[in-house]
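A.B. asks: Here you go, upload.cif (mmCIF, C-alpha atoms):
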data_protein
#
loop_
_atom_site.label_atom_id
_atom_site.label_comp_id
_atom_site.auth_asym_id
_atom_site.auth_seq_id
_atom_site.Cartn_x
_atom_site.Cartn_y
_atom_site.Cartn_z
CA MET A 1 8.81 -40.86 -10.92
CA ASN A 2 8.49 -40.95 -14.70
CA PRO A 3 6.68 -38.23 -16.65
CA VAL A 4 3.56 -40.32 -17.33
CA VAL A 5 2.96 -41.09 -13.66
CA ARG A 6 3.69 -37.48 -12.77
CA ARG A 7 1.12 -36.27 -15.28
CA LEU A 8 -1.43 -38.77 -13.98
CA VAL A 9 -0.94 -37.58 -10.39
CA PHE A 10 -1.28 -33.96 -11.50
CA LEU A 11 -4.36 -34.62 -13.63
CA SER A 12 -6.21 -36.49 -10.88
CA GLY A 13 -5.45 -33.68 -8.45
CA ALA A 14 -6.43 -30.96 -10.93
CA ILE A 15 -9.71 -32.68 -11.80
CA GLY A 16 -10.51 -33.04 -8.12
CA VAL A 17 -9.87 -29.35 -7.46
CA ALA A 18 -11.89 -28.36 -10.53
CA LEU A 19 -14.85 -30.50 -9.41
CA LEU A 20 -14.75 -29.09 -5.86
CA LEU A 21 -14.52 -25.55 -7.24
CA ALA A 22 -17.46 -26.06 -9.59
CA TRP A 23 -19.49 -27.62 -6.78
CA GLY A 24 -18.68 -24.72 -4.48
CA MET A 25 -19.56 -22.12 -7.11
CA THR A 26 -23.04 -23.52 -7.63
CA GLY A 27 -23.74 -22.58 -4.00
CA LEU A 28 -22.71 -18.93 -4.39
CA PRO A 29 -25.38 -16.23 -4.17
CA PRO A 30 -26.39 -14.83 -7.58
CA PHE A 31 -24.36 -12.00 -9.14
CA GLY A 32 -24.74 -8.67 -7.37
CA VAL A 33 -26.80 -9.99 -4.47
CA TYR A 34 -25.71 -8.90 -1.01
CA ARG A 35 -26.93 -11.13 1.80
CA GLY A 36 -25.16 -9.86 4.90
CA PRO A 37 -27.13 -7.53 7.17
CA TYR A 38 -24.00 -5.73 8.40
CA GLY A 39 -23.40 -3.40 5.44
CA ASP A 40 -27.03 -2.31 5.29
CA VAL A 41 -27.03 -1.54 9.02
CA ILE A 42 -23.85 0.54 8.67
CA ASN A 43 -25.20 2.35 5.62
CA ARG A 44 -28.31 3.33 7.55
CA SER A 45 -26.67 4.32 10.82
CA ALA A 46 -23.18 5.68 10.02
CA ILE A 47 -24.30 9.22 9.11
CA ARG A 48 -26.65 9.42 12.09
CA GLU A 49 -24.29 7.93 14.66
CA ARG A 50 -20.89 9.24 13.51
CA HIS A 51 -21.76 12.18 11.23
CA THR A 52 -19.56 10.75 8.50
CA THR A 53 -20.52 10.34 4.87
CA GLU A 54 -17.87 7.65 4.39
CA ALA A 55 -19.31 4.43 5.76
CA VAL A 56 -16.19 2.42 4.94
CA GLY A 57 -14.04 4.83 6.91
CA ALA A 58 -16.47 4.63 9.82
CA VAL A 59 -16.11 0.85 9.88
CA VAL A 60 -12.33 0.82 9.53
CA MET A 61 -11.49 3.64 11.94
CA ASP A 62 -14.37 3.55 14.36
CA TYR A 63 -16.67 0.51 14.57
CA ARG A 64 -13.75 -1.82 13.87
CA GLY A 65 -11.01 0.57 14.96
CA PHE A 66 -9.39 -2.05 17.14
CA ASP A 67 -8.79 -4.31 14.13
CA THR A 68 -7.12 -1.41 12.37
CA LEU A 69 -4.88 -0.90 15.39
CA GLY A 70 -3.68 -4.47 14.93
CA GLU A 71 -3.10 -3.88 11.23
CA GLU A 72 -1.16 -0.70 12.00
CA PHE A 73 1.19 -2.68 14.17
CA ILE A 74 1.57 -5.42 11.57
CA LEU A 75 2.82 -2.71 9.23
CA LEU A 76 5.04 -1.21 11.93
CA THR A 77 6.52 -4.60 12.75
CA SER A 78 7.29 -5.43 9.13
CA VAL A 79 8.85 -2.03 8.49
CA VAL A 80 10.99 -2.35 11.61
CA GLY A 81 11.96 -5.88 10.55
CA VAL A 82 13.05 -4.83 7.07
CA ALA A 83 14.96 -1.81 8.41
CA LEU A 84 16.71 -3.91 11.05
CA LEU A 85 17.74 -6.63 8.59
CA LEU A 86 19.02 -4.24 5.93
CA ARG A 87 20.78 -1.94 8.37
CA THR A 88 22.65 -4.74 10.11
CA ALA A 89 23.75 -6.17 6.76
CA ARG A 90 24.87 -2.75 5.53
CA ASP A 91 26.74 -1.87 8.69
CA GLU A 92 28.86 -4.96 8.33
CA GLU A 93 29.60 -4.26 4.67
CA GLU A 94 30.50 -0.65 5.24
CA ARG A 95 32.79 -1.42 8.10
CA GLU A 96 34.82 -3.53 5.72
CA THR A 97 34.91 -0.95 2.95
CA PRO A 98 34.21 2.51 4.35
CA SER A 99 32.77 4.65 1.58
CA ASP A 100 33.99 8.19 1.16
CA GLU A 101 32.17 9.00 -2.06
CA HIS A 102 28.90 10.87 -2.38
CA PRO A 103 25.94 8.71 -3.19
CA GLY A 104 26.04 8.60 -6.96
CA THR A 105 23.06 9.37 -9.13
CA VAL A 106 21.70 6.48 -11.14
CA PRO A 107 21.48 6.90 -14.90
CA ILE A 108 17.91 7.99 -15.62
CA THR A 109 16.61 9.11 -19.01
CA ASP A 110 15.45 12.70 -19.41
CA ALA A 111 11.88 11.62 -20.14
CA VAL A 112 11.55 9.68 -16.88
CA ALA A 113 13.18 12.50 -14.93
CA ALA A 114 10.90 15.15 -16.44
CA ILE A 115 7.71 13.17 -15.89
CA GLY A 116 8.84 12.27 -12.38
CA LEU A 117 9.51 15.92 -11.51
CA ALA A 118 6.22 17.06 -12.99
CA LEU A 119 4.26 14.46 -11.04
CA ILE A 120 5.75 15.15 -7.59
CA GLY A 121 3.52 18.15 -6.79
CA PRO A 122 0.19 16.71 -7.97
CA THR A 123 0.93 13.37 -6.29
CA VAL A 124 1.72 14.87 -2.89
CA LEU A 125 -1.34 17.14 -3.11
CA THR A 126 -3.55 14.19 -4.03
CA GLY A 127 -2.18 12.19 -1.12
CA LEU A 128 -2.80 14.99 1.37
CA SER A 129 -6.31 15.48 0.02
CA ILE A 130 -7.13 11.77 0.29
CA VAL A 131 -5.91 11.70 3.91
CA ALA A 132 -7.70 14.93 4.87
CA HIS A 133 -11.03 13.92 3.32
CA GLY A 134 -10.89 10.33 4.53
CA HIS A 135 -14.04 10.77 6.61
CA ILE A 136 -16.05 12.48 3.87
CA THR A 137 -15.15 10.78 0.60
CA PRO A 138 -13.60 7.40 -0.29
CA GLY A 139 -10.01 7.12 0.84
CA GLY A 140 -8.34 7.68 4.16
CA GLY A 141 -5.06 7.35 5.96
CA PHE A 142 -3.83 4.19 4.32
CA GLN A 143 -4.67 5.12 0.75
CA GLY A 144 -3.48 8.71 1.10
CA GLY A 145 -0.34 7.65 2.95
CA ALA A 146 0.61 5.29 0.14
CA VAL A 147 0.08 8.04 -2.43
CA LEU A 148 2.20 10.44 -0.33
CA ALA A 149 4.98 7.87 -0.20
CA ALA A 150 4.74 7.55 -3.98
CA GLY A 151 5.30 11.30 -4.20
CA ALA A 152 8.51 11.03 -2.20
CA ILE A 153 9.66 8.09 -4.29
CA LEU A 154 9.00 10.07 -7.49
CA SER A 155 11.66 12.54 -6.38
CA PHE A 156 14.11 9.66 -6.51
CA LEU A 157 12.81 8.54 -9.93
CA ALA A 158 13.41 12.08 -11.13
CA GLY A 159 17.09 11.37 -10.60
CA ARG A 160 17.35 13.48 -7.49
CA TYR A 161 18.80 11.15 -4.91
CA VAL A 162 19.96 14.12 -2.86
CA LEU A 163 16.45 15.61 -3.02
CA PHE A 164 14.98 12.27 -1.97
CA ARG A 165 17.31 12.21 1.03
CA ARG A 166 16.24 15.75 1.85
CA VAL A 167 12.48 15.08 1.75
CA ALA A 168 13.00 11.74 3.49
CA PRO A 169 15.85 12.04 5.97
CA THR A 170 16.34 8.84 7.93
CA HIS A 171 16.53 10.58 11.28
CA LEU A 172 13.01 11.95 10.69
CA LEU A 173 11.55 8.83 9.10
CA ASP A 174 12.08 6.64 12.14
CA PRO A 175 10.30 8.98 14.60
CA ALA A 176 7.54 9.69 12.03
CA GLU A 177 6.87 5.98 11.63
CA GLY A 178 6.78 5.48 15.38
CA SER A 179 4.62 8.49 16.18
CA GLY A 180 2.14 7.50 13.48
CA ALA A 181 1.58 4.18 15.22
CA ALA A 182 1.67 5.75 18.68
CA GLY A 183 -0.76 8.47 17.60
CA PHE A 184 -3.41 5.86 16.84
CA VAL A 185 -3.04 4.43 20.34
CA LEU A 186 -3.13 7.92 21.88
CA VAL A 187 -6.35 8.83 20.04
CA GLY A 188 -7.72 5.50 21.25
CA ALA A 189 -6.65 6.35 24.79
CA LEU A 190 -8.70 9.59 24.52
CA GLY A 191 -11.72 7.34 24.88
CA LEU A 192 -10.33 5.75 28.04
CA VAL A 193 -9.44 9.12 29.55
CA SER A 194 -12.94 10.45 29.00
CA GLY A 195 -14.33 7.49 30.89
CA SER A 196 -15.51 5.50 27.88
CA ALA A 197 -14.09 2.53 25.97
CA PHE A 198 -10.73 2.41 24.14
CA LEU A 199 -11.08 4.05 20.69
CA ALA A 200 -14.56 5.35 21.57
CA ASN A 201 -15.46 8.31 19.36
CA VAL A 202 -15.51 10.94 22.11
CA LEU A 203 -14.73 14.13 20.18
CA PRO A 204 -17.53 16.47 19.00
CA LEU A 205 -19.07 14.96 15.87
CA GLY A 206 -19.71 18.20 13.98
CA GLU A 207 -21.84 18.45 10.87
CA ALA A 208 -21.72 15.51 8.48
CA GLY A 209 -19.95 16.24 5.22
CA THR A 210 -17.72 19.02 6.52
CA LEU A 211 -13.98 18.81 7.10
CA LEU A 212 -14.31 19.14 10.88
CA SER A 213 -16.73 16.30 11.51
CA SER A 214 -16.91 12.63 12.52
CA GLY A 215 -15.08 13.12 15.83
CA THR A 216 -11.88 11.07 16.01
CA LEU A 217 -12.06 9.79 12.40
CA PRO A 218 -9.96 12.55 10.78
CA LEU A 219 -7.38 12.36 13.58
CA LEU A 220 -7.03 8.61 13.15
CA ASN A 221 -6.77 9.05 9.39
CA MET A 222 -3.90 11.45 9.89
CA THR A 223 -1.99 9.12 12.21
CA VAL A 224 -2.46 6.23 9.80
CA GLY A 225 -1.45 8.46 6.90
CA LEU A 226 1.73 9.47 8.69
CA GLU A 227 2.59 5.89 9.58
CA VAL A 228 1.91 4.44 6.15
CA ALA A 229 3.75 7.21 4.28
CA ALA A 230 6.74 7.05 6.62
CA GLY A 231 6.75 3.24 6.55
CA PHE A 232 6.72 2.98 2.76
CA VAL A 233 9.37 5.66 2.32
CA LEU A 234 11.47 4.05 5.04
CA ILE A 235 11.44 0.65 3.35
CA VAL A 236 12.19 2.17 -0.05
CA SER A 237 15.03 4.31 1.29
CA GLU A 238 16.54 1.33 3.10
CA PHE A 239 16.52 -0.63 -0.14
CA LEU A 240 17.96 2.35 -2.01
CA GLU A 241 20.73 2.81 0.54
CA GLU A 242 21.42 -0.87 0.10
CA THR A 243 21.75 -0.78 -3.70
CA MET A 244 23.64 2.52 -3.53
CA ALA A 245 26.09 1.05 -1.03
CA VAL A 246 26.65 -1.96 -3.26
CA ARG A 247 26.97 0.24 -6.34
CA ARG A 248 29.51 2.47 -4.60
CA LYS A 249 31.42 -0.60 -3.67
CA GLY A 250 31.30 -1.79 -7.29
CA GLU A 251 32.65 1.49 -8.61
CA ARG A 252 35.76 1.45 -6.48
CA MET B 1 -23.92 -7.70 -15.22
CA THR B 2 -23.33 -4.67 -17.42
CA ALA B 3 -21.08 -4.63 -20.48
CA LEU B 4 -18.54 -2.49 -18.63
CA GLN B 5 -18.30 -5.03 -15.83
CA ALA B 6 -17.87 -7.88 -18.29
CA VAL B 7 -15.13 -6.01 -20.17
CA ILE B 8 -13.15 -5.16 -17.05
CA LEU B 9 -13.49 -8.73 -15.71
CA LEU B 10 -12.05 -10.02 -18.99
CA LEU B 11 -9.25 -7.45 -18.86
CA VAL B 12 -8.32 -8.51 -15.33
CA ALA B 13 -8.38 -12.17 -16.32
CA GLY B 14 -6.15 -11.39 -19.31
CA GLY B 15 -3.85 -9.32 -17.12
CA GLY B 16 -3.48 -12.11 -14.57
CA LEU B 17 -2.65 -14.54 -17.34
CA ALA B 18 -0.09 -12.10 -18.76
CA VAL B 19 1.63 -11.77 -15.37
CA VAL B 20 2.02 -15.54 -15.18
CA LEU B 21 3.13 -15.93 -18.78
CA VAL B 22 5.84 -13.25 -18.71
CA ARG B 23 9.01 -15.02 -17.68
CA SER B 24 11.49 -12.20 -17.13
CA PRO B 25 11.13 -10.90 -13.54
CA LEU B 26 11.88 -7.29 -14.53
CA ARG B 27 9.18 -7.27 -17.19
CA GLN B 28 6.90 -9.06 -14.77
CA ALA B 29 7.25 -6.11 -12.37
CA LEU B 30 5.95 -3.82 -15.12
CA VAL B 31 3.13 -6.14 -16.14
CA VAL B 32 2.04 -6.68 -12.54
CA GLY B 33 1.83 -2.90 -12.16
CA ILE B 34 -0.50 -2.60 -15.14
CA TYR B 35 -2.47 -5.58 -13.84
CA GLY B 36 -2.84 -3.77 -10.49
CA LEU B 37 -4.21 -0.77 -12.36
CA THR B 38 -6.85 -2.87 -14.18
CA LEU B 39 -7.78 -4.46 -10.86
CA ALA B 40 -8.22 -0.97 -9.38
CA VAL B 41 -10.51 -0.04 -12.28
CA LEU B 42 -12.46 -3.24 -11.62
CA PHE B 43 -13.10 -2.14 -8.04
CA VAL B 44 -14.25 1.28 -9.24
CA VAL B 45 -16.63 -0.35 -11.71
CA PHE B 46 -18.01 -2.57 -8.93
CA GLN B 47 -18.49 0.50 -6.71
CA ALA B 48 -15.73 -0.07 -4.17
CA PRO B 49 -13.70 3.15 -4.52
CA ASP B 50 -11.94 2.70 -1.16
CA VAL B 51 -10.47 -0.63 -2.18
CA ALA B 52 -9.66 0.79 -5.60
CA LEU B 53 -7.62 3.59 -4.05
CA SER B 54 -5.63 1.21 -1.84
CA LEU B 55 -5.06 -1.12 -4.73
CA GLY B 56 -4.07 1.68 -7.09
CA ALA B 57 -1.37 2.76 -4.67
CA VAL B 58 -0.19 -0.66 -3.55
CA GLY B 59 -0.71 -2.69 -6.72
CA SER B 60 0.64 -0.24 -9.24
CA VAL B 61 3.30 1.58 -7.19
CA ALA B 62 4.44 -0.27 -4.08
CA LEU B 63 4.44 -3.86 -5.35
CA PRO B 64 6.31 -3.27 -8.65
CA LEU B 65 8.74 -1.02 -6.81
CA MET B 66 9.47 -3.73 -4.23
CA ILE B 67 10.07 -6.26 -7.01
CA VAL B 68 12.37 -3.91 -8.90
CA MET B 69 14.33 -3.06 -5.75
CA ALA B 70 14.66 -6.69 -4.74
CA LEU B 71 15.91 -7.44 -8.26
CA ALA B 72 18.36 -4.55 -8.10
CA LYS B 73 19.69 -5.87 -4.83
CA THR B 74 20.11 -9.47 -5.97
CA ARG B 75 21.60 -8.45 -9.34
CA SER B 76 24.10 -6.00 -7.93
CA GLY B 77 25.15 -8.83 -5.62
CA ASP B 78 25.75 -11.09 -8.62
CA GLU B 79 28.09 -8.71 -10.35
CA GLU B 80 30.62 -8.62 -7.54
#
Step by step, read the file and then write its structure as structure tokens.
C.D. replies:
Amino acid sequence: MNPVVRRLVFLSGAIGVALLLAWGMTGLPPFGVYRGPYGDVINRSAIRERHTTEAVGAVVMDYRGFDTLGEEFILLTSVVGVALLLRTARDEEERETPSDEHPGTVPITDAVAAIGLALIGPTVLTGLSIVAHGHITPGGGFQGGAVLAAGAILSFLAGRYVLFRRVAPTHLLDPAEGSGAAGFVLVGALGLVSGSAFLANVLPLGEAGTLLSSGTLPLLNMTVGLEVAAGFVLIVSEFLEETMAVRRKGER
Amino acid sequence: MTALQAVILLLVAGGGLAVVLVRSPLRQALVVGIYGLTLAVLFVVFQAPDVALSLGAVGSVALPLMIVMALAKTRSGDEE
């Protein structure tokens, strides 16, 4: 196919897509107009029904909790997949060249190390706060868990591989990841045990806006937080082990 | 649409373009992190703080990190 024909084929396709897009956009609702009834219904009823001031959290963890369960297990599956793949590959490599050296520290400039060290505390605190207040203010298990994982990763950025291993030991990461996912199911099973539906909000609802409110919402946020934080750190540490193993091999 | 919304929309558009135009994967990891941050600000401006928080963590920490680590892995493989 010569360049002219190729360009013609591309142009005809691009023009077609552009026309379809323009046609579709003329049918969009005007800027800032919300047409669905669902959000308004939730906004009106979430505080009354679930005693939570965070309507988004109520949807994610309660009204649509079952969807979140599925998402939890998507994350679990992908983390397990990555860990399995990298571990099998590494096992084979290390059997060929058993490493006896300590995991080396990567060259990191003082500025990065200092900023990394200084940020660890605030980051972890922010993450915990976002998880704990997930049913009162914006945020929740997923967001807070990701921030927590960032805190652990910062300890590596600060040039402290040994410290990273200590705050994220592999033998604890695996169970943490699993119990995070299992915890969500267990909290869901609370509903079944009490004679209601799976994931029904059966715990006392408390007073809206306080830390101990919204029934199962804070519990679910914590399980999700644990799973997300452990999952992220697990993937990162698997990758790090991988590059460290290769680097060790290179040094020999 | 307020001026703030218009500005942040333009910033995000510019950021997306920058991510595509940067050719070096390592630099792209950095640019995509900054782009994730502008996108998070966009969600704050449009009153979706929950999404902004997720995006701030995933877009500006997790995604660039994954890219950098994948690069580290492929590059250290090349050197052998």
A.B. asks: By how many Å are CA of Leu117 in chain A and CA of Ile67 in chain B apart?
C.D. replies: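 It comes out at 22.6 Å.
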A.B. asks: Using all atoms listed in the file, select each residue of chain B with any atom at most 10 Å away from an atom of chain A, and give the selection as a ChimeraX atom specification.
C.D. replies: /B:1,46,48-58,61-62,65-66,69-77,79-80
A.B. asks: Taking the file above as input, evaluate the PyMOL selection byres ((chain A and resi 201-210) around 12) and report the hits as JSON, numbers by chain.
C.D. replies: {"A": [46, 47, 48, 49, 50, 51, 52, 53, 54, 55, 58, 61, 62, 63, 64, 65, 132, 133, 134, 135, 136, 137, 187, 188, 189, 190, 191, 192, 193, 194, 195, 196, 197, 198, 199, 200, 211, 212, 213, 214, 215, 216, 217, 218, 219, 220]}
A.B. asks: Please, could you write that set of residues out with C-alpha atoms as an mmCIF file, in the coordinates of the input?
C.D. replies:
data_model
loop_
_atom_site.group_PDB
_atom_site.id
_atom_site.type_symbol
_atom_site.label_atom_id
_atom_site.label_comp_id
_atom_site.auth_asym_id
_atom_site.auth_seq_id
_atom_site.Cartn_x
_atom_site.Cartn_y
_atom_site.Cartn_z
ATOM 1 C CA ALA A 46 -23.180 5.680 10.020
ATOM 2 C CA ILE A 47 -24.300 9.220 9.110
ATOM 3 C CA ARG A 48 -26.650 9.420 12.090
ATOM 4 C CA GLU A 49 -24.290 7.930 14.660
ATOM 5 C CA ARG A 50 -20.890 9.240 13.510
ATOM 6 C CA HIS A 51 -21.760 12.180 11.230
ATOM 7 C CA THR A 52 -19.560 10.750 8.500
ATOM 8 C CA THR A 53 -20.520 10.340 4.870
ATOM 9 C CA GLU A 54 -17.870 7.650 4.390
ATOM 10 C CA ALA A 55 -19.310 4.430 5.760
ATOM 11 C CA ALA A 58 -16.470 4.630 9.820
ATOM 12 C CA MET A 61 -11.490 3.640 11.940
ATOM 13 C CA ASP A 62 -14.370 3.550 14.360
ATOM 14 C CA TYR A 63 -16.670 0.510 14.570
ATOM 15 C CA ARG A 64 -13.750 -1.820 13.870
ATOM 16 C CA GLY A 65 -11.010 0.570 14.960
ATOM 17 C CA ALA A 132 -7.700 14.930 4.870
ATOM 18 C CA HIS A 133 -11.030 13.920 3.320
ATOM 19 C CA GLY A 134 -10.890 10.330 4.530
ATOM 20 C CA HIS A 135 -14.040 10.770 6.610
ATOM 21 C CA ILE A 136 -16.050 12.480 3.870
ATOM 22 C CA THR A 137 -15.150 10.780 0.600
ATOM 23 C CA VAL A 187 -6.350 8.830 20.040
ATOM 24 C CA GLY A 188 -7.720 5.500 21.250
ATOM 25 C CA ALA A 189 -6.650 6.350 24.790
ATOM 26 C CA LEU A 190 -8.700 9.590 24.520
ATOM 27 C CA GLY A 191 -11.720 7.340 24.880
ATOM 28 C CA LEU A 192 -10.330 5.750 28.040
ATOM 29 C CA VAL A 193 -9.440 9.120 29.550
ATOM 30 C CA SER A 194 -12.940 10.450 29.000
ATOM 31 C CA GLY A 195 -14.330 7.490 30.890
ATOM 32 C CA SER A 196 -15.510 5.500 27.880
ATOM 33 C CA ALA A 197 -14.090 2.530 25.970
ATOM 34 C CA PHE A 198 -10.730 2.410 24.140
ATOM 35 C CA LEU A 199 -11.080 4.050 20.690
ATOM 36 C CA ALA A 200 -14.560 5.350 21.570
ATOM 37 C CA LEU A 211 -13.980 18.810 7.100
ATOM 38 C CA LEU A 212 -14.310 19.140 10.880
ATOM 39 C CA SER A 213 -16.730 16.300 11.510
ATOM 40 C CA SER A 214 -16.910 12.630 12.520
ATOM 41 C CA GLY A 215 -15.080 13.120 15.830
ATOM 42 C CA THR A 216 -11.880 11.070 16.010
ATOM 43 C CA LEU A 217 -12.060 9.790 12.400
ATOM 44 C CA PRO A 218 -9.960 12.550 10.780
ATOM 45 C CA LEU A 219 -7.380 12.360 13.580
ATOM 46 C CA LEU A 220 -7.030 8.610 13.150
#
A.B. asks: Just how far from CA of Gly36 in chain B is CA of Met25 in chain A, in Å to one decimal?
C.D. replies: 25.1 Å
A.B. asks: Could you tell me how far CA of Val124 in chain A lies from CA of Val167 in chain A, in Å and to one decimal?
C.D. replies: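 Spanning CA of Val124 in chain A to CA of Val167 in chain A is a straight-line distance of 11.7 Å.
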A.B. asks: Show which residues sit within 12 Å of Leu173 in chain A, as a list of chain:residue names. Count only C-alpha atoms, and ignore same-chain residues fewer than 5 positions away.
C.D. replies: A:Val79, A:Val80, A:Ala83, A:Ala149, A:Ala152, A:Arg165, A:Arg166, A:Val167, A:Ala168, A:Gly178, A:Ser179, A:Gly180, A:Leu226, A:Glu227, A:Val228, A:Ala229, A:Ala230, A:Gly231, A:Phe232, A:Val233, A:Leu234, A:Ile235, A:Val236, A:Ser237, A:Glu238
A.B. asks: Name all residues at most 12 Å from Leu17 in chain B (count all atoms listed in the file; drop same-chain ones fewer than 5 positions away) and give them as a count of residues only.
C.D. replies: 9
A.B. asks: Using the chain letters and numbers from the file, which residues does the PyMOL selection byres ((chain A and resi 155) around 9) grab, as a list in words?
C.D. replies: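 When the PyMOL selection byres ((chain A and resi 155) around 9) is applied to the shown file, the picked residues are Ala113, Gly116, Leu117, Leu119, Ile120, Ala150, Gly151, Ala152, Ile153, Leu154, Phe156, Leu157, Ala158, Gly159, Arg160, Tyr161, Leu163, Phe164 and Val167 of chain A.
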A.B. asks: Write the residues of the selection above to a file with C-alpha atoms, as a short mmCIF file (atom, residue, chain, number, x, y, z; two decimals), keeping the file's coordinate frame.
C.D. replies:
data_model
loop_
_atom_site.label_atom_id
_atom_site.label_comp_id
_atom_site.auth_asym_id
_atom_site.auth_seq_id
_atom_site.Cartn_x
_atom_site.Cartn_y
_atom_site.Cartn_z
CA ALA A 113 13.18 12.50 -14.93
CA GLY A 116 8.84 12.27 -12.38
CA LEU A 117 9.51 15.92 -11.51
CA LEU A 119 4.26 14.46 -11.04
CA ILE A 120 5.75 15.15 -7.59
CA ALA A 150 4.74 7.55 -3.98
CA GLY A 151 5.30 11.30 -4.20
CA ALA A 152 8.51 11.03 -2.20
CA ILE A 153 9.66 8.09 -4.29
CA LEU A 154 9.00 10.07 -7.49
CA PHE A 156 14.11 9.66 -6.51
CA LEU A 157 12.81 8.54 -9.93
CA ALA A 158 13.41 12.08 -11.13
CA GLY A 159 17.09 11.37 -10.60
CA ARG A 160 17.35 13.48 -7.49
CA TYR A 161 18.80 11.15 -4.91
CA LEU A 163 16.45 15.61 -3.02
CA PHE A 164 14.98 12.27 -1.97
CA VAL A 167 12.48 15.08 1.75
#
